[in-house]
>>> print(open('protein17.cif').read())   # mmCIF, C-alpha atoms and all ligand atoms
data_coords
loop_
_atom_site.label_atom_id
_atom_site.label_comp_id
_atom_site.auth_asym_id
_atom_site.auth_seq_id
_atom_site.Cartn_x
_atom_site.Cartn_y
_atom_site.Cartn_z
CA MET A 165 -10.07 9.50 -20.68
CA GLU A 166 -9.53 8.31 -17.11
CA MET A 167 -7.01 10.01 -14.88
CA LYS A 168 -4.51 8.02 -12.83
CA ILE A 169 -2.56 9.25 -9.82
CA ALA A 170 0.23 7.04 -8.43
CA ILE A 171 1.43 7.41 -4.85
CA ASP A 172 4.49 5.43 -3.81
CA GLY A 173 6.64 5.52 -0.70
CA PRO A 174 7.75 3.57 2.37
CA ALA A 175 5.46 2.40 5.20
CA GLY A 176 4.20 5.19 7.44
CA ALA A 177 4.90 8.01 4.98
CA GLY A 178 1.20 8.95 5.04
CA LYS A 179 0.20 7.43 1.70
CA SER A 180 -3.08 5.82 2.72
CA THR A 181 -4.40 8.78 4.75
CA LEU A 182 -3.61 11.11 1.89
CA SER A 183 -4.95 8.80 -0.83
CA ARG A 184 -8.25 8.32 0.99
CA VAL A 185 -8.89 12.05 1.39
CA LEU A 186 -7.65 12.86 -2.09
CA ALA A 187 -9.96 10.22 -3.60
CA ARG A 188 -12.90 11.61 -1.61
CA ASP A 189 -12.19 15.21 -2.65
CA LEU A 190 -11.68 14.39 -6.32
CA GLY A 191 -14.39 11.72 -6.52
CA PHE A 192 -11.82 9.11 -7.61
CA VAL A 193 -11.62 5.43 -6.66
CA TYR A 194 -8.90 4.63 -4.12
CA ILE A 195 -6.98 1.39 -4.63
CA ASP A 196 -4.75 0.37 -1.71
CA THR A 197 -2.35 -2.15 -3.25
CA GLY A 198 -0.64 -2.84 0.10
CA ALA A 199 -4.01 -4.13 1.33
CA MET A 200 -4.06 -6.54 -1.62
CA TYR A 201 -0.67 -8.04 -0.68
CA ARG A 202 -1.92 -8.18 2.91
CA ALA A 203 -5.10 -10.00 1.85
CA LEU A 204 -3.04 -12.60 0.01
CA THR A 205 -0.74 -13.01 3.04
CA LEU A 206 -3.70 -13.44 5.40
CA ARG A 207 -5.30 -16.11 3.21
CA ALA A 208 -1.97 -17.95 2.82
CA GLN A 209 -1.47 -17.95 6.59
CA GLN A 210 -5.03 -19.15 7.20
CA ARG A 211 -4.58 -22.02 4.73
CA GLY A 212 -1.17 -23.01 6.09
CA ILE A 213 0.61 -22.25 2.79
CA ASN A 214 4.40 -22.01 3.02
CA LEU A 215 5.17 -18.35 2.20
CA HIS A 216 8.23 -19.41 0.19
CA ASP A 217 6.19 -21.76 -2.01
CA ASP A 218 5.97 -19.74 -5.19
CA PRO A 219 3.55 -21.97 -7.20
CA ALA A 220 1.17 -22.33 -4.23
CA LEU A 221 1.11 -18.57 -3.66
CA CYS A 222 0.52 -17.92 -7.37
CA ALA A 223 -2.37 -20.40 -7.42
CA LEU A 224 -3.85 -18.69 -4.37
CA ALA A 225 -3.37 -15.21 -5.88
CA ASN A 226 -5.13 -16.33 -9.05
CA SER A 227 -8.04 -17.85 -7.16
CA ILE A 228 -8.98 -15.07 -4.77
CA ASN A 229 -11.10 -12.04 -5.49
CA ILE A 230 -10.21 -8.82 -3.67
CA HIS A 231 -12.37 -5.74 -3.76
CA PHE A 232 -12.77 -2.43 -1.95
CA GLU A 233 -15.89 -0.70 -0.68
CA SER A 234 -15.80 2.73 0.82
CA ARG A 235 -18.40 3.49 3.45
CA ALA A 236 -18.57 6.56 5.68
CA GLY A 237 -14.95 7.45 4.94
CA ILE A 238 -13.67 3.96 5.73
CA GLN A 239 -12.09 1.86 3.03
CA GLY A 240 -13.36 -1.69 3.51
CA VAL A 241 -11.29 -4.56 2.14
CA PHE A 242 -13.07 -7.76 1.07
CA CYS A 243 -11.72 -11.13 0.02
CA ASP A 244 -14.21 -13.45 -1.68
CA GLY A 245 -16.99 -11.47 -0.04
CA GLU A 246 -15.58 -11.62 3.50
CA ASP A 247 -14.75 -8.36 5.28
CA ILE A 248 -11.02 -8.58 6.15
CA THR A 249 -10.44 -4.85 6.76
CA ASP A 250 -9.19 -5.35 10.34
CA ALA A 251 -7.66 -8.81 9.96
CA ILE A 252 -5.07 -7.64 7.39
CA ARG A 253 -3.60 -5.13 9.88
CA SER A 254 -2.57 -7.75 12.44
CA PRO A 255 1.08 -8.02 13.62
CA GLU A 256 1.25 -11.51 12.02
CA VAL A 257 0.37 -10.10 8.61
CA ASN A 258 2.66 -7.09 9.16
CA SER A 259 5.66 -9.27 9.78
CA GLU A 260 5.19 -11.62 6.82
CA VAL A 261 3.68 -9.53 4.03
CA SER A 262 7.09 -8.51 2.64
CA ILE A 263 7.95 -12.17 2.07
CA VAL A 264 4.81 -12.67 -0.01
CA ALA A 265 5.40 -9.40 -1.90
CA SER A 266 8.96 -10.43 -2.81
CA HIS A 267 7.90 -13.21 -5.24
CA PRO A 268 8.21 -11.85 -8.81
CA GLN A 269 5.49 -14.14 -10.21
CA VAL A 270 3.09 -13.27 -7.41
CA ARG A 271 3.72 -9.60 -8.17
CA GLU A 272 2.96 -10.16 -11.83
CA ILE A 273 -0.49 -11.53 -10.93
CA MET A 274 -1.16 -8.71 -8.46
CA VAL A 275 -0.04 -6.02 -10.91
CA LYS A 276 -2.49 -7.37 -13.52
CA LYS A 277 -5.33 -7.32 -10.98
CA GLN A 278 -4.43 -3.71 -10.08
CA GLN A 279 -4.27 -2.64 -13.72
CA ASN A 280 -7.69 -4.20 -14.37
CA MET A 281 -9.15 -2.34 -11.41
CA ALA A 282 -7.80 0.95 -12.78
CA GLN A 283 -9.08 0.45 -16.30
CA THR A 284 -12.51 1.98 -16.09
CA SER A 285 -12.27 4.68 -13.41
CA ASN A 286 -10.30 7.69 -12.32
CA VAL A 287 -8.01 6.26 -9.64
CA ILE A 288 -5.61 7.12 -6.87
CA MET A 289 -3.46 4.07 -6.30
CA ASP A 290 -0.87 3.75 -3.56
CA GLY A 291 1.92 1.23 -3.06
CA ARG A 292 5.60 0.76 -3.89
CA ASP A 293 5.78 0.03 -7.62
CA ILE A 294 2.75 1.95 -8.88
CA GLY A 295 4.54 4.66 -10.88
CA GLU A 296 7.00 2.22 -12.39
CA GLN A 297 5.11 -1.03 -12.96
CA VAL A 298 1.37 -0.70 -12.41
CA LEU A 299 0.52 2.72 -13.86
CA PRO A 300 3.60 3.84 -15.81
CA ASP A 301 1.39 6.29 -17.74
CA ALA A 302 -0.06 7.93 -14.62
CA GLU A 303 -0.56 11.69 -15.01
CA PHE A 304 1.02 12.29 -11.61
CA LYS A 305 3.51 10.16 -9.71
CA PHE A 306 4.04 11.21 -6.13
CA PHE A 307 6.71 9.75 -3.86
CA LEU A 308 5.87 10.37 -0.21
CA THR A 309 8.55 9.99 2.40
CA ALA A 310 9.31 10.85 6.04
CA GLY A 311 12.03 10.11 8.62
CA LEU A 312 12.06 6.61 10.13
CA GLN A 313 11.19 7.78 13.65
CA GLU A 314 8.26 9.82 12.45
CA ARG A 315 6.99 6.92 10.37
CA ALA A 316 7.32 4.48 13.28
CA GLN A 317 5.48 6.92 15.55
CA ARG A 318 2.60 7.17 13.07
CA ARG A 319 2.45 3.39 12.66
CA ALA A 320 2.43 2.95 16.47
CA MET A 321 -0.54 5.32 16.76
CA GLU A 322 -2.36 3.57 13.94
CA MET A 323 -1.79 0.16 15.59
CA GLU A 324 -2.96 1.54 18.94
CA SER A 325 -6.16 2.81 17.41
CA GLN A 326 -6.75 -0.79 16.29
CA GLY A 327 -6.08 -2.18 19.76
CA TYR A 328 -2.47 -3.37 19.28
CA TYR A 329 0.05 -1.98 21.76
CA ILE A 330 3.53 -2.56 20.43
CA ASP A 331 6.83 -1.07 21.60
CA LYS A 332 7.91 1.77 19.30
CA ASN A 333 11.43 0.37 19.00
CA VAL A 334 10.03 -2.94 17.80
CA ILE A 335 7.93 -1.13 15.21
CA GLU A 336 10.97 0.87 14.12
CA GLU A 337 13.09 -2.27 13.69
CA ASP A 338 10.30 -4.07 11.86
CA MET A 339 9.80 -1.10 9.57
CA GLN A 340 13.51 -0.88 8.79
CA LYS A 341 13.55 -4.56 7.90
CA ARG A 342 10.50 -4.22 5.65
CA ASP A 343 11.87 -1.05 4.01
CA ARG A 344 15.03 -2.94 3.18
CA MET A 345 13.13 -5.90 1.69
CA ASP A 346 10.82 -3.58 -0.25
CA SER A 347 13.74 -1.53 -1.65
CA GLU A 348 16.16 -4.33 -2.42
CA ARG A 349 13.94 -6.90 -4.09
CA GLU A 350 14.54 -7.63 -7.76
CA VAL A 351 11.11 -6.83 -9.13
CA GLY A 352 8.83 -3.95 -8.17
CA ALA A 353 11.30 -2.38 -5.77
CA LEU A 354 10.47 0.90 -4.07
CA LYS A 355 12.39 3.70 -5.78
CA ILE A 356 12.20 7.34 -6.74
CA LEU A 357 11.64 7.67 -10.51
CA VAL A 358 12.83 10.41 -12.84
CA ASP A 359 9.25 11.69 -13.03
CA SER A 360 8.44 11.29 -9.31
CA ILE A 361 7.30 14.35 -7.39
CA VAL A 362 8.95 13.81 -4.00
CA ILE A 363 7.18 15.12 -0.90
CA ASP A 364 8.67 14.81 2.60
CA THR A 365 5.75 14.64 5.02
CA SER A 366 7.83 14.68 8.27
CA GLU A 367 7.14 18.31 9.10
CA ARG A 368 3.75 18.65 7.46
CA THR A 369 0.27 17.90 8.70
CA ALA A 370 -1.99 15.69 6.59
CA ASP A 371 -3.97 18.81 5.58
CA GLU A 372 -0.82 20.60 4.43
CA VAL A 373 0.25 17.63 2.33
CA LEU A 374 -3.24 17.43 0.81
CA ALA A 375 -3.27 21.15 -0.06
CA HIS A 376 0.20 20.88 -1.59
CA ILE A 377 -0.79 17.93 -3.78
CA LEU A 378 -4.08 19.54 -4.84
CA SER A 379 -2.15 22.65 -5.90
CA ILE A 380 0.22 20.50 -7.99
CA ILE A 381 -2.59 18.69 -9.78
CA GLY A 382 -4.39 21.97 -10.37
CA GLU A 383 -7.36 21.47 -8.07
CA GLY A 384 -6.17 23.61 -5.16
O1 LIG B 401 1.62 -0.20 2.42
P1 LIG B 401 1.49 -1.45 3.28
O2 LIG B 401 2.28 -1.40 4.56
O3 LIG B 401 0.07 -1.84 3.51
O4 LIG B 401 2.14 -2.62 2.39
C1 LIG B 401 2.22 -3.93 2.84
C2 LIG B 401 3.42 -4.64 2.22
O5 LIG B 401 3.19 -4.90 0.83
C3 LIG B 401 4.75 -3.90 2.33
O6 LIG B 401 5.74 -4.78 2.82
C4 LIG B 401 5.08 -3.52 0.93
C5 LIG B 401 4.28 -4.44 0.07
N1 LIG B 401 3.77 -3.77 -1.12
C6 LIG B 401 4.40 -4.00 -2.31
O7 LIG B 401 5.38 -4.74 -2.34
N2 LIG B 401 3.94 -3.43 -3.44
C7 LIG B 401 2.88 -2.62 -3.42
N3 LIG B 401 2.44 -2.08 -4.55
C8 LIG B 401 2.22 -2.36 -2.19
C9 LIG B 401 2.70 -2.94 -1.04
#
>>> encode(input="protein17.cif", output="structure tokens", more="lines below")
Ligand code: DC
Amino acid sequence: MEMKIAIDGPAGAGKSTLSRVLARDLGFVYIDTGAMYRALTLRAQQRGINLHDDPALCALANSINIHFESRAGIQGVFCDGEDITDAIRSPEVNSEVSIVASHPQVREIMVKKQQNMAQTSNVIMDGRDIGEQVLPDAEFKFFLTAGLQERAQRRAMEMESQGYYIDKNVIEEDMQKRDRMDSEREVGALKILVDSIVIDTSERTADEVLAHILSIIGEG
């Protein structure tokens, strides 16, 4: 029987760093669902699709194939065979991905893709609606969080490492806007569940968070 671990939380809470290391340590597959919404956004932008055009976005979501490949500790993201790992982290994708992710029918298609990916392996999956919609039967549901300033600082550093220098206040405002859209949408909203294990990562290093989670799942 495969084991599923769900990790939800707002942007910059440390989900992807943690999920990557956790997957490596446990030998699980890591599925970054945010990257899947980003891939769809990138393709829609490249094809000039109106991001409010629900049927066009659904058709696009149904037609593309997204897969992950991990190499030397880096999680590569591919769309129809093309490496889009860096392209999906651009400021243009950042600012419009929440619009794409707010369409209920688009989400339905993405959730099915995510569930199919999780069917045959032990997985760590991170996102916003994983514990509630995608893997409701997950053995562990973690909700990672951190203060807004801390999250914006982390995102700024991450963007810098990719060559984008953006004012921290702009990142903070953008994050706040996205958090609001992600938490207030009708379907697949970010929320703490009754069975969520909430971890505030503000005052903890990535290693401390990892050790804490490993001890909870009995591998520490
Ligand atoms: O985690 P991230 O920043 O890569 O996510 C990108 C966007 O996709 C973000 O606005 C939230 C949205 N998202 C979502 O709605 N549902 C998910 N399961 C994952 C991400």
>>> residues_near_ligand(input="protein17.cif", ligand="ligand LIG 401 (chain B)", cutoff="6 Å", atoms="only C-alpha atoms and all ligand atoms", output="mmCIF file with C-alpha atoms, in the coordinates of the input")
data_model
loop_
_atom_site.group_PDB
_atom_site.id
_atom_site.type_symbol
_atom_site.label_atom_id
_atom_site.label_comp_id
_atom_site.auth_asym_id
_atom_site.auth_seq_id
_atom_site.Cartn_x
_atom_site.Cartn_y
_atom_site.Cartn_z
ATOM 1 C CA ALA A 175 5.460 2.400 5.200
ATOM 2 C CA THR A 197 -2.350 -2.150 -3.250
ATOM 3 C CA GLY A 198 -0.640 -2.840 0.100
ATOM 4 C CA ALA A 199 -4.010 -4.130 1.330
ATOM 5 C CA TYR A 201 -0.670 -8.040 -0.680
ATOM 6 C CA ARG A 202 -1.920 -8.180 2.910
ATOM 7 C CA VAL A 261 3.680 -9.530 4.030
ATOM 8 C CA SER A 262 7.090 -8.510 2.640
ATOM 9 C CA ALA A 265 5.400 -9.400 -1.900
ATOM 10 C CA GLY A 291 1.920 1.230 -3.060
ATOM 11 C CA ARG A 292 5.600 0.760 -3.890
ATOM 12 C CA ASP A 293 5.780 0.030 -7.620
ATOM 13 C CA ILE A 294 2.750 1.950 -8.880
ATOM 14 C CA ARG A 342 10.500 -4.220 5.650
ATOM 15 C CA ASP A 346 10.820 -3.580 -0.250
#
>>> atom_distance(input="protein17.cif", atom1="CA of Arg207 (chain A)", atom2="CA of Pro255 (chain A)")
14.6 Å
>>> residues_around(input="protein17.cif", residues="region 229-242 of chain A", least_positions_apart="6", cutoff="7 Å", atoms="only C-alpha atoms", output="list in words")
Met200, Ile248 and Thr249 of chain A
>>> atom_distance(input="protein17.cif", atom1="CA of Thr369 (chain A)", atom2="CA of Lys168 (chain A)")
24.2 Å
>>> atom_distance(input="protein17.cif", atom1="CA of Asn258 (chain A)", atom2="CA of Asp290 (chain A)")
17.1 Å
>>> residues_around(input="protein17.cif", residues="Lys179 (chain A)", least_positions_apart="2", cutoff="10 Å", atoms="only C-alpha atoms", output="list in words")
Ile171, Asp172, Gly173, Pro174, Ala175, Gly176, Ala177, Thr181, Leu182, Ser183, Arg184, Asp196, Met289, Asp290, Gly291, Phe306, Phe307, Leu308, Thr309, Thr365 and Ala370 of chain A
>>> closest_residue(input="protein17.cif", among="A:Ile263, A:Ala251, A:Val351, A:Val257", to="Asp217 (chain A)", atoms="all atoms listed in the file")
A:Ile263
>>> residues_around(input="protein17.cif", residues="Ile169 (chain A)", least_positions_apart="3", cutoff="7 Å", atoms="all atoms listed in the file", output="CSV table (one decimal) with C-alpha atoms, in the frame of the given file")
chain,number,residue,atom,x,y,z
A,287,VAL,CA,-8.0,6.3,-9.6
A,288,ILE,CA,-5.6,7.1,-6.9
A,289,MET,CA,-3.5,4.1,-6.3
A,302,ALA,CA,-0.1,7.9,-14.6
A,303,GLU,CA,-0.6,11.7,-15.0
A,304,PHE,CA,1.0,12.3,-11.6
A,305,LYS,CA,3.5,10.2,-9.7
>>> closest_residue(input="protein17.cif", among="A:Asp343, A:Asp359, A:Glu348, A:Glu260", to="Ala208 (chain A)", atoms="only C-alpha atoms")
A:Glu260
>>> closest_residue(input="protein17.cif", among="A:Glu256, A:Asp218, A:Glu246, A:Glu314", to="Leu206 (chain A)", atoms="only C-alpha atoms")
A:Glu256
>>> closest_residue(input="protein17.cif", among="A:Ala316, A:Met274, A:Ile363, A:Leu215", to="Ser227 (chain A)", atoms="all atoms listed in the file")
A:Met274
